[in-house]
>>> print(open('data.pdb').read())   # PDB, C-alpha atoms
ATOM      1  CA  MET A   1     -27.536-110.164  32.627  1.00  0.00           C
ATOM      2  CA  SER A   2     -25.267-113.171  32.857  1.00  0.00           C
ATOM      3  CA  THR A   3     -21.748-113.868  34.047  1.00  0.00           C
ATOM      4  CA  LYS A   4     -19.276-114.850  31.327  1.00  0.00           C
ATOM      5  CA  LEU A   5     -15.938-116.585  31.797  1.00  0.00           C
ATOM      6  CA  ILE A   6     -13.037-114.352  30.796  1.00  0.00           C
ATOM      7  CA  ALA A   7     -10.015-116.187  32.262  1.00  0.00           C
ATOM      8  CA  VAL A   8      -8.956-119.528  33.743  1.00  0.00           C
ATOM      9  CA  SER A   9      -5.885-120.641  35.632  1.00  0.00           C
ATOM     10  CA  GLN A  10      -3.641-123.554  34.904  1.00  0.00           C
ATOM     11  CA  LEU A  11      -4.480-126.874  36.558  1.00  0.00           C
ATOM     12  CA  VAL A  12      -2.906-126.946  40.030  1.00  0.00           C
ATOM     13  CA  THR A  13      -2.136-130.293  41.677  1.00  0.00           C
ATOM     14  CA  VAL A  14      -1.725-130.533  45.445  1.00  0.00           C
ATOM     15  CA  GLU A  15      -0.250-133.878  46.535  1.00  0.00           C
ATOM     16  CA  LYS A  16      -1.325-135.677  49.711  1.00  0.00           C
ATOM     17  CA  GLY A  17       0.935-134.568  52.546  1.00  0.00           C
ATOM     18  CA  GLN A  18       2.111-131.459  50.662  1.00  0.00           C
ATOM     19  CA  LYS A  19       2.685-128.559  53.010  1.00  0.00           C
ATOM     20  CA  PRO A  20       0.322-125.614  52.645  1.00  0.00           C
ATOM     21  CA  GLY A  21       1.703-122.715  50.689  1.00  0.00           C
ATOM     22  CA  TRP A  22       0.783-119.989  48.269  1.00  0.00           C
ATOM     23  CA  VAL A  23       0.533-120.913  44.600  1.00  0.00           C
ATOM     24  CA  ARG A  24       0.882-118.205  41.932  1.00  0.00           C
ATOM     25  CA  LEU A  25      -1.684-118.883  39.229  1.00  0.00           C
ATOM     26  CA  THR A  26      -1.162-118.122  35.563  1.00  0.00           C
ATOM     27  CA  ARG A  27      -4.056-116.327  33.896  1.00  0.00           C
ATOM     28  CA  HIS A  28      -5.180-117.711  30.532  1.00  0.00           C
ATOM     29  CA  HIS A  29      -7.388-115.374  28.501  1.00  0.00           C
ATOM     30  CA  VAL A  30     -10.741-116.795  27.334  1.00  0.00           C
ATOM     31  CA  ARG A  31     -12.774-113.809  26.092  1.00  0.00           C
ATOM     32  CA  THR A  32     -13.074-110.033  26.123  1.00  0.00           C
ATOM     33  CA  VAL A  33     -16.246-108.078  26.877  1.00  0.00           C
ATOM     34  CA  THR A  34     -16.465-104.745  25.071  1.00  0.00           C
ATOM     35  CA  PHE A  35     -19.009-101.974  25.535  1.00  0.00           C
ATOM     36  CA  GLY A  36     -21.043-101.266  22.441  1.00  0.00           C
ATOM     37  CA  ILE A  37     -24.312 -99.926  21.087  1.00  0.00           C
ATOM     38  CA  ASP A  38     -25.716-101.335  17.856  1.00  0.00           C
ATOM     39  CA  ALA A  39     -28.611 -99.333  16.475  1.00  0.00           C
ATOM     40  CA  GLY A  40     -28.234-100.140  12.793  1.00  0.00           C
ATOM     41  CA  GLY A  41     -26.235 -96.991  12.156  1.00  0.00           C
ATOM     42  CA  ALA A  42     -28.725 -94.653  13.847  1.00  0.00           C
ATOM     43  CA  VAL A  43     -27.441 -92.030  16.262  1.00  0.00           C
ATOM     44  CA  VAL A  44     -28.632 -92.936  19.747  1.00  0.00           C
ATOM     45  CA  PRO A  45     -28.963 -90.266  22.450  1.00  0.00           C
ATOM     46  CA  GLY A  46     -26.871 -91.880  25.189  1.00  0.00           C
ATOM     47  CA  ARG A  47     -28.515 -90.258  28.212  1.00  0.00           C
ATOM     48  CA  ARG A  48     -32.007 -91.309  27.108  1.00  0.00           C
ATOM     49  CA  LEU A  49     -30.853 -94.822  26.319  1.00  0.00           C
ATOM     50  CA  PHE A  50     -29.150 -95.305  29.672  1.00  0.00           C
ATOM     51  CA  ALA A  51     -32.070 -93.756  31.559  1.00  0.00           C
ATOM     52  CA  SER A  52     -34.461 -96.152  29.798  1.00  0.00           C
ATOM     53  CA  LEU A  53     -32.282 -99.192  30.537  1.00  0.00           C
ATOM     54  CA  GLU A  54     -31.730 -98.054  34.112  1.00  0.00           C
ATOM     55  CA  LYS A  55     -35.488 -97.960  34.641  1.00  0.00           C
ATOM     56  CA  ARG A  56     -36.135-101.271  32.868  1.00  0.00           C
ATOM     57  CA  LEU A  57     -33.227-103.275  34.324  1.00  0.00           C
ATOM     58  CA  GLY A  58     -33.179-101.708  37.774  1.00  0.00           C
ATOM     59  CA  TYR A  59     -29.472-100.772  37.692  1.00  0.00           C
ATOM     60  CA  ASP A  60     -28.091 -97.319  38.255  1.00  0.00           C
ATOM     61  CA  LEU A  61     -26.581 -95.445  35.317  1.00  0.00           C
ATOM     62  CA  PRO A  62     -22.883 -95.902  36.210  1.00  0.00           C
ATOM     63  CA  THR A  63     -23.473 -99.642  36.495  1.00  0.00           C
ATOM     64  CA  VAL A  64     -25.215-100.122  33.134  1.00  0.00           C
ATOM     65  CA  GLY A  65     -23.173 -97.609  31.190  1.00  0.00           C
ATOM     66  CA  ARG A  66     -19.683 -98.912  31.819  1.00  0.00           C
ATOM     67  CA  ARG A  67     -17.676 -98.138  28.746  1.00  0.00           C
ATOM     68  CA  GLY A  68     -14.446 -99.657  27.566  1.00  0.00           C
ATOM     69  CA  THR A  69     -13.285-103.231  27.601  1.00  0.00           C
ATOM     70  CA  TRP A  70     -13.058-105.865  30.304  1.00  0.00           C
ATOM     71  CA  THR A  71     -10.384-108.459  29.652  1.00  0.00           C
ATOM     72  CA  SER A  72      -8.549-110.944  31.806  1.00  0.00           C
ATOM     73  CA  GLY A  73      -5.781-108.332  32.098  1.00  0.00           C
ATOM     74  CA  ARG A  74      -7.954-106.252  34.428  1.00  0.00           C
ATOM     75  CA  PHE A  75      -7.294-108.810  37.155  1.00  0.00           C
ATOM     76  CA  ASP A  76      -3.987-109.112  39.000  1.00  0.00           C
ATOM     77  CA  LYS A  77      -1.278-108.330  36.428  1.00  0.00           C
ATOM     78  CA  ASP A  78       0.776-111.341  37.536  1.00  0.00           C
ATOM     79  CA  GLY A  79      -2.046-113.881  37.482  1.00  0.00           C
ATOM     80  CA  LEU A  80      -5.337-114.582  39.176  1.00  0.00           C
ATOM     81  CA  GLY A  81      -3.693-114.000  42.538  1.00  0.00           C
ATOM     82  CA  PRO A  82      -1.932-116.378  44.856  1.00  0.00           C
ATOM     83  CA  VAL A  83      -4.036-119.150  46.394  1.00  0.00           C
ATOM     84  CA  ASP A  84      -3.310-121.428  49.345  1.00  0.00           C
ATOM     85  CA  TYR A  85      -5.162-124.741  49.077  1.00  0.00           C
ATOM     86  CA  LEU A  86      -4.162-125.431  52.706  1.00  0.00           C
ATOM     87  CA  GLY A  87      -2.608-128.789  51.871  1.00  0.00           C
ATOM     88  CA  HIS A  88      -5.886-130.335  50.715  1.00  0.00           C
ATOM     89  CA  PRO A  89      -4.938-132.889  48.050  1.00  0.00           C
ATOM     90  CA  GLY A  90      -6.529-132.668  44.636  1.00  0.00           C
ATOM     91  CA  ARG A  91      -6.468-130.846  41.338  1.00  0.00           C
ATOM     92  CA  PHE A  92      -7.797-127.295  41.303  1.00  0.00           C
ATOM     93  CA  VAL A  93      -8.660-124.546  38.814  1.00  0.00           C
ATOM     94  CA  GLU A  94      -9.571-120.903  39.320  1.00  0.00           C
ATOM     95  CA  ALA A  95     -11.964-118.957  37.106  1.00  0.00           C
ATOM     96  CA  ALA A  96     -12.577-115.239  36.599  1.00  0.00           C
ATOM     97  CA  GLY A  97     -15.789-113.869  35.158  1.00  0.00           C
ATOM     98  CA  VAL A  98     -17.563-110.604  34.516  1.00  0.00           C
ATOM     99  CA  SER A  99     -21.286-109.808  34.633  1.00  0.00           C
ATOM    100  CA  VAL A 100     -22.364-108.926  31.111  1.00  0.00           C
ATOM    101  CA  VAL A 101     -25.337-106.701  30.366  1.00  0.00           C
ATOM    102  CA  ASP A 102     -26.874-107.542  26.978  1.00  0.00           C
ATOM    103  CA  ALA A 103     -30.051-105.534  26.525  1.00  0.00           C
ATOM    104  CA  SER A 104     -32.288-104.681  23.623  1.00  0.00           C
ATOM    105  CA  PHE A 105     -33.976-101.285  23.418  1.00  0.00           C
ATOM    106  CA  VAL A 106     -36.409 -99.153  21.476  1.00  0.00           C
ATOM    107  CA  LEU A 107     -36.298 -95.373  21.762  1.00  0.00           C
ATOM    108  CA  ASP A 108     -38.949 -93.006  20.500  1.00  0.00           C
ATOM    109  CA  CYS A 109     -36.791 -90.083  19.433  1.00  0.00           C
ATOM    110  CA  ALA A 110     -39.562 -87.661  18.440  1.00  0.00           C
ATOM    111  CA  GLY A 111     -38.446 -84.084  18.993  1.00  0.00           C
ATOM    112  CA  THR A 112     -34.873 -85.035  19.905  1.00  0.00           C
ATOM    113  CA  HIS A 113     -32.310 -83.000  17.949  1.00  0.00           C
ATOM    114  CA  GLY A 114     -34.611 -82.728  14.936  1.00  0.00           C
ATOM    115  CA  ALA A 115     -35.432 -86.451  14.871  1.00  0.00           C
ATOM    116  CA  THR A 116     -38.395 -87.494  12.756  1.00  0.00           C
ATOM    117  CA  GLY A 117     -40.012 -89.544  15.481  1.00  0.00           C
ATOM    118  CA  THR A 118     -39.079 -92.888  13.939  1.00  0.00           C
ATOM    119  CA  PRO A 119     -38.299 -95.312  16.766  1.00  0.00           C
ATOM    120  CA  VAL A 120     -34.716 -96.518  17.030  1.00  0.00           C
ATOM    121  CA  TYR A 121     -34.197-100.206  17.808  1.00  0.00           C
ATOM    122  CA  GLY A 122     -30.963-101.750  18.941  1.00  0.00           C
ATOM    123  CA  THR A 123     -28.849-103.517  21.525  1.00  0.00           C
ATOM    124  CA  LEU A 124     -26.384-102.480  24.184  1.00  0.00           C
ATOM    125  CA  THR A 125     -23.541-104.599  25.530  1.00  0.00           C
ATOM    126  CA  SER A 126     -21.843-103.490  28.727  1.00  0.00           C
ATOM    127  CA  TRP A 127     -20.509-105.017  31.911  1.00  0.00           C
ATOM    128  CA  ARG A 128     -20.836-104.601  35.645  1.00  0.00           C
ATOM    129  CA  GLY A 129     -18.805-106.235  38.374  1.00  0.00           C
ATOM    130  CA  ASN A 130     -16.598-109.297  38.345  1.00  0.00           C
ATOM    131  CA  SER A 131     -16.678-112.737  39.961  1.00  0.00           C
ATOM    132  CA  GLY A 132     -14.259-115.487  40.835  1.00  0.00           C
ATOM    133  CA  ALA A 133     -14.597-119.202  41.484  1.00  0.00           C
ATOM    134  CA  SER A 134     -12.319-121.910  42.817  1.00  0.00           C
ATOM    135  CA  MET A 135     -13.083-125.477  41.782  1.00  0.00           C
ATOM    136  CA  ARG A 136     -11.760-128.894  42.645  1.00  0.00           C
ATOM    137  CA  CYS A 137     -11.605-131.286  39.722  1.00  0.00           C
ATOM    138  CA  GLY A 138     -13.879-134.270  40.323  1.00  0.00           C
ATOM    139  CA  ILE A 139     -16.646-132.118  41.825  1.00  0.00           C
ATOM    140  CA  VAL A 140     -18.510-131.196  38.664  1.00  0.00           C
ATOM    141  CA  PRO A 141     -20.359-127.845  38.778  1.00  0.00           C
ATOM    142  CA  ASP A 142     -23.981-127.790  37.628  1.00  0.00           C
ATOM    143  CA  LYS A 143     -24.556-127.163  33.939  1.00  0.00           C
ATOM    144  CA  GLY A 144     -25.497-123.557  33.318  1.00  0.00           C
ATOM    145  CA  LYS A 145     -23.133-122.157  35.949  1.00  0.00           C
ATOM    146  CA  TRP A 146     -20.750-119.622  34.397  1.00  0.00           C
ATOM    147  CA  PHE A 147     -17.689-121.356  35.857  1.00  0.00           C
ATOM    148  CA  ARG A 148     -18.682-124.770  34.439  1.00  0.00           C
ATOM    149  CA  GLU A 149     -17.026-123.646  31.189  1.00  0.00           C
ATOM    150  CA  ALA A 150     -13.707-123.284  33.057  1.00  0.00           C
ATOM    151  CA  TYR A 151     -14.107-126.713  34.628  1.00  0.00           C
ATOM    152  CA  ASP A 152     -14.807-128.309  31.243  1.00  0.00           C
ATOM    153  CA  MET A 153     -11.772-126.569  29.717  1.00  0.00           C
ATOM    154  CA  VAL A 154      -9.219-127.441  32.382  1.00  0.00           C
ATOM    155  CA  CYS A 155     -10.267-130.454  34.461  1.00  0.00           C
ATOM    156  CA  PRO A 156      -9.438-133.772  32.779  1.00  0.00           C
ATOM    157  CA  GLU A 157     -12.330-135.774  34.319  1.00  0.00           C
ATOM    158  CA  ASP A 158     -15.644-136.879  32.858  1.00  0.00           C
ATOM    159  CA  HIS A 159     -17.850-133.846  32.233  1.00  0.00           C
ATOM    160  CA  SER A 160     -21.269-135.470  32.379  1.00  0.00           C
TER     161      SER A 160
END
>>> encode(input="data.pdb", output="structure tokens")
Amino acid sequence: MSTKLIAVSQLVTVEKGQKPGWVRLTRHHVRTVTFGIDAGGAVVPGRRLFASLEKRLGYDLPTVGRRGTWTSGRFDKDGLGPVDYLGHPGRFVEAAGVSVVDASFVLDCAGTHGATGTPVYGTLTSWRGNSGASMRCGIVPDKGKWFREAYDMVCPEDHS
């Protein structure tokens, strides 16, 4: 499981001496995460698949089996929410992410609804939970952090 960036805010500049106050952030869509099972066209018994993944990944069924789509629109409809940078000068960006479950599986379907016993191989994509991050441009996040992508997209500084 890994967290993927799904939305970023605009770059917000707070000038030195600027009074604290709430800033409404505009959400900019980056990607959509959609539930799906790919088993090469084979019919996959959902309950068995989720039970197997639950056991292997250590998540409960409702967490692994979230269906539907997670887009940036699932956050505050007007933006990423108001933020008060408390008058600290600098340039800031907000990021929104979602934890993505990408898991491979093999199911032995012998005796299930007349199945021949041929194993079914495939992948499941789902999601669980969301995350947020607030960054100040000039303080570069470590490579590999999910919100580094947002920093690289929005902050105009060197991205070394």
>>> closest_residue(input="data.pdb", among="A:Val120, A:Val44, A:Ala96, A:Val14", to="Cys137 of chain A", atoms="all atoms listed in the file")
A:Val14
>>> axis_aligned_box(input="data.pdb", around="segment 93-98 of chain A", padding_each_side="5 Å", output="lines of an AutoDock Vina configuration file")
center_x = -13.1
center_y = -117.6
center_z = 36.9
size_x = 18.9
size_y = 23.9
size_z = 14.8
>>> closest_residue(input="data.pdb", among="A:Thr125, A:Ser134, A:Ser104, A:Ser52", to="Thr34 of chain A", atoms="all atoms listed in the file")
A:Thr125
>>> resolve_selection(input="data.pdb", expression="the PyMOL selection byres ((chain A and resi 103) around 9)", output="short mmCIF file (atom, residue, chain, number, x, y, z; two decimals) with C-alpha atoms, in the frame of the given file")
data_model
loop_
_atom_site.label_atom_id
_atom_site.label_comp_id
_atom_site.auth_asym_id
_atom_site.auth_seq_id
_atom_site.Cartn_x
_atom_site.Cartn_y
_atom_site.Cartn_z
CA MET A 1 -27.54 -110.16 32.63
CA LEU A 53 -32.28 -99.19 30.54
CA LEU A 57 -33.23 -103.28 34.32
CA VAL A 101 -25.34 -106.70 30.37
CA ASP A 102 -26.87 -107.54 26.98
CA SER A 104 -32.29 -104.68 23.62
CA PHE A 105 -33.98 -101.28 23.42
CA GLY A 122 -30.96 -101.75 18.94
CA THR A 123 -28.85 -103.52 21.52
CA LEU A 124 -26.38 -102.48 24.18
CA THR A 125 -23.54 -104.60 25.53
CA SER A 126 -21.84 -103.49 28.73
#
>>> atom_distance(input="data.pdb", atom1="atom CA of Ala7 of chain A", atom2="atom CA of Arg27 of chain A")
6.2 Å
>>> resolve_selection(input="data.pdb", expression="the PyMOL selection byres ((chain A and resi 85) around 12)", output="mmCIF file with C-alpha atoms, in the coordinates of the input")
data_model
loop_
_atom_site.group_PDB
_atom_site.id
_atom_site.type_symbol
_atom_site.label_atom_id
_atom_site.label_comp_id
_atom_site.auth_asym_id
_atom_site.auth_seq_id
_atom_site.Cartn_x
_atom_site.Cartn_y
_atom_site.Cartn_z
ATOM 1 C CA VAL A 12 -2.906 -126.946 40.030
ATOM 2 C CA THR A 13 -2.136 -130.293 41.677
ATOM 3 C CA VAL A 14 -1.725 -130.533 45.445
ATOM 4 C CA GLU A 15 -0.250 -133.878 46.535
ATOM 5 C CA LYS A 16 -1.325 -135.677 49.711
ATOM 6 C CA GLN A 18 2.111 -131.459 50.662
ATOM 7 C CA LYS A 19 2.685 -128.559 53.010
ATOM 8 C CA PRO A 20 0.322 -125.614 52.645
ATOM 9 C CA GLY A 21 1.703 -122.715 50.689
ATOM 10 C CA TRP A 22 0.783 -119.989 48.269
ATOM 11 C CA VAL A 23 0.533 -120.913 44.600
ATOM 12 C CA ARG A 24 0.882 -118.205 41.932
ATOM 13 C CA LEU A 25 -1.684 -118.883 39.229
ATOM 14 C CA PRO A 82 -1.932 -116.378 44.856
ATOM 15 C CA VAL A 83 -4.036 -119.150 46.394
ATOM 16 C CA ASP A 84 -3.310 -121.428 49.345
ATOM 17 C CA LEU A 86 -4.162 -125.431 52.706
ATOM 18 C CA GLY A 87 -2.608 -128.789 51.871
ATOM 19 C CA HIS A 88 -5.886 -130.335 50.715
ATOM 20 C CA PRO A 89 -4.938 -132.889 48.050
ATOM 21 C CA GLY A 90 -6.529 -132.668 44.636
ATOM 22 C CA ARG A 91 -6.468 -130.846 41.338
ATOM 23 C CA PHE A 92 -7.797 -127.295 41.303
ATOM 24 C CA VAL A 93 -8.660 -124.546 38.814
ATOM 25 C CA GLU A 94 -9.571 -120.903 39.320
ATOM 26 C CA SER A 134 -12.319 -121.910 42.817
ATOM 27 C CA MET A 135 -13.083 -125.477 41.782
ATOM 28 C CA ARG A 136 -11.760 -128.894 42.645
#
>>> resolve_selection(input="data.pdb", expression="the PyMOL selection byres ((chain A and resi 132) around 12)", output="list in words")
Thr3, Lys4, Leu5, Ile6, Ala7, Val8, Ser9, Ser72, Phe75, Leu80, Gly81, Val93, Glu94, Ala95, Ala96, Gly97, Val98, Ser99, Gly129, Asn130, Ser131, Ala133, Ser134, Met135, Trp146, Phe147 and Ala150 of chain A
>>> write_last_selection(input="data.pdb", atoms="C-alpha atoms", output="PDB file, in the frame of the given file")
ATOM      1  CA  THR A   3     -21.748-113.868  34.047  1.00  0.00           C
ATOM      2  CA  LYS A   4     -19.276-114.850  31.327  1.00  0.00           C
ATOM      3  CA  LEU A   5     -15.938-116.585  31.797  1.00  0.00           C
ATOM      4  CA  ILE A   6     -13.037-114.352  30.796  1.00  0.00           C
ATOM      5  CA  ALA A   7     -10.015-116.187  32.262  1.00  0.00           C
ATOM      6  CA  VAL A   8      -8.956-119.528  33.743  1.00  0.00           C
ATOM      7  CA  SER A   9      -5.885-120.641  35.632  1.00  0.00           C
ATOM      8  CA  SER A  72      -8.549-110.944  31.806  1.00  0.00           C
ATOM      9  CA  PHE A  75      -7.294-108.810  37.155  1.00  0.00           C
ATOM     10  CA  LEU A  80      -5.337-114.582  39.176  1.00  0.00           C
ATOM     11  CA  GLY A  81      -3.693-114.000  42.538  1.00  0.00           C
ATOM     12  CA  VAL A  93      -8.660-124.546  38.814  1.00  0.00           C
ATOM     13  CA  GLU A  94      -9.571-120.903  39.320  1.00  0.00           C
ATOM     14  CA  ALA A  95     -11.964-118.957  37.106  1.00  0.00           C
ATOM     15  CA  ALA A  96     -12.577-115.239  36.599  1.00  0.00           C
ATOM     16  CA  GLY A  97     -15.789-113.869  35.158  1.00  0.00           C
ATOM     17  CA  VAL A  98     -17.563-110.604  34.516  1.00  0.00           C
ATOM     18  CA  SER A  99     -21.286-109.808  34.633  1.00  0.00           C
ATOM     19  CA  GLY A 129     -18.805-106.235  38.374  1.00  0.00           C
ATOM     20  CA  ASN A 130     -16.598-109.297  38.345  1.00  0.00           C
ATOM     21  CA  SER A 131     -16.678-112.737  39.961  1.00  0.00           C
ATOM     22  CA  ALA A 133     -14.597-119.202  41.484  1.00  0.00           C
ATOM     23  CA  SER A 134     -12.319-121.910  42.817  1.00  0.00           C
ATOM     24  CA  MET A 135     -13.083-125.477  41.782  1.00  0.00           C
ATOM     25  CA  TRP A 146     -20.750-119.622  34.397  1.00  0.00           C
ATOM     26  CA  PHE A 147     -17.689-121.356  35.857  1.00  0.00           C
ATOM     27  CA  ALA A 150     -13.707-123.284  33.057  1.00  0.00           C
TER      28      ALA A 150
END
>>> closest_residue(input="data.pdb", among="A:Ile139, A:Gly40, A:Leu107, A:Thr69", to="Asp152 of chain A", atoms="all atoms listed in the file")
A:Ile139
>>> closest_residue(input="data.pdb", among="A:Arg47, A:Arg128, A:His28, A:Lys143", to="Ser2 of chain A", atoms="only C-alpha atoms")
A:Arg128
>>> atom_distance(input="data.pdb", atom1="atom CA of Trp127 of chain A", atom2="atom CA of Gly36 of chain A")
10.2 Å
>>> atom_distance(input="data.pdb", atom1="atom CA of Gly58 of chain A", atom2="atom CA of Pro141 of chain A")
29.1 Å
>>> closest_residue(input="data.pdb", among="A:Cys155, A:Val100, A:Val106, A:Leu11", to="Val33 of chain A", atoms="all atoms listed in the file")
A:Val100
>>> closest_residue(input="data.pdb", among="A:Met153, A:Leu49, A:Ala39, A:Val140", to="Tyr121 of chain A", atoms="all atoms listed in the file")
A:Ala39
